[in-house]
Amino acid sequence: MDYRTVLTTCTYCGCGCNFFLEVLDGELVGTLPCKTSPTNEGKLCIKGWNVHEFVQSPKRLTRPLVRKDGQLTEVSWDEALSTTADRLKSLVDEHGANSLAFLASAKVTNEENYLLQKF
């Protein structure tokens, strides 16, 4: 039996809480708060306590999907990004730059907010 813990930062919001992911034989089995973290001081919200569950969920999307002929179809990352860029560009061309809006908040990562402000 191989048990270890891996220190990481929560991905749910921009707070930056630290915790340990419990790994047993290569699979995530639990989450433990990091008591020495100055951000969360050994506490976690409900999302932090359960963050390990979504990683191995069979419902988790692992490949991009694009709607083709009314059906969601797996495509490459290059095709998904190209399709997204083309559709955003066509909206701007057809309706103007003010036709696009994005929602940002403190509940996403700093990196996500940085990317949104680049638009």
# chains A, B, ... in the order shown; residues from 1 in each chain; ligands from 1
call {"tool": "select_by_dssp", "arguments": {"residues": "chain A", "states": "helix (DSSP H, G or I)", "output": "PyMOL selection string"}}
result
chain A and resi 46-49+51-55+77-95+97-99+110-117
call {"tool": "residues_around", "arguments": {"residues": "A:His52", "least_positions_apart": "2", "cutoff": "12 Å", "atoms": "only C-alpha atoms", "output": "list in words"}}
result
Val6, Thr8, Thr9, Cys10, Thr11, Tyr12, Phe19, Phe20, Leu21, Glu22, Val23, Glu27, Leu28, Val29, Gly30, Thr31, Leu32, Ile46, Lys47, Gly48, Trp49, Asn50, Phe54, Val55, Gln56 and Ser57 of chain A
call {"tool": "atom_distance", "arguments": {"atom1": "atom CA of A:Leu115", "atom2": "atom CA of A:Lys68"}}
result
27.3 Å
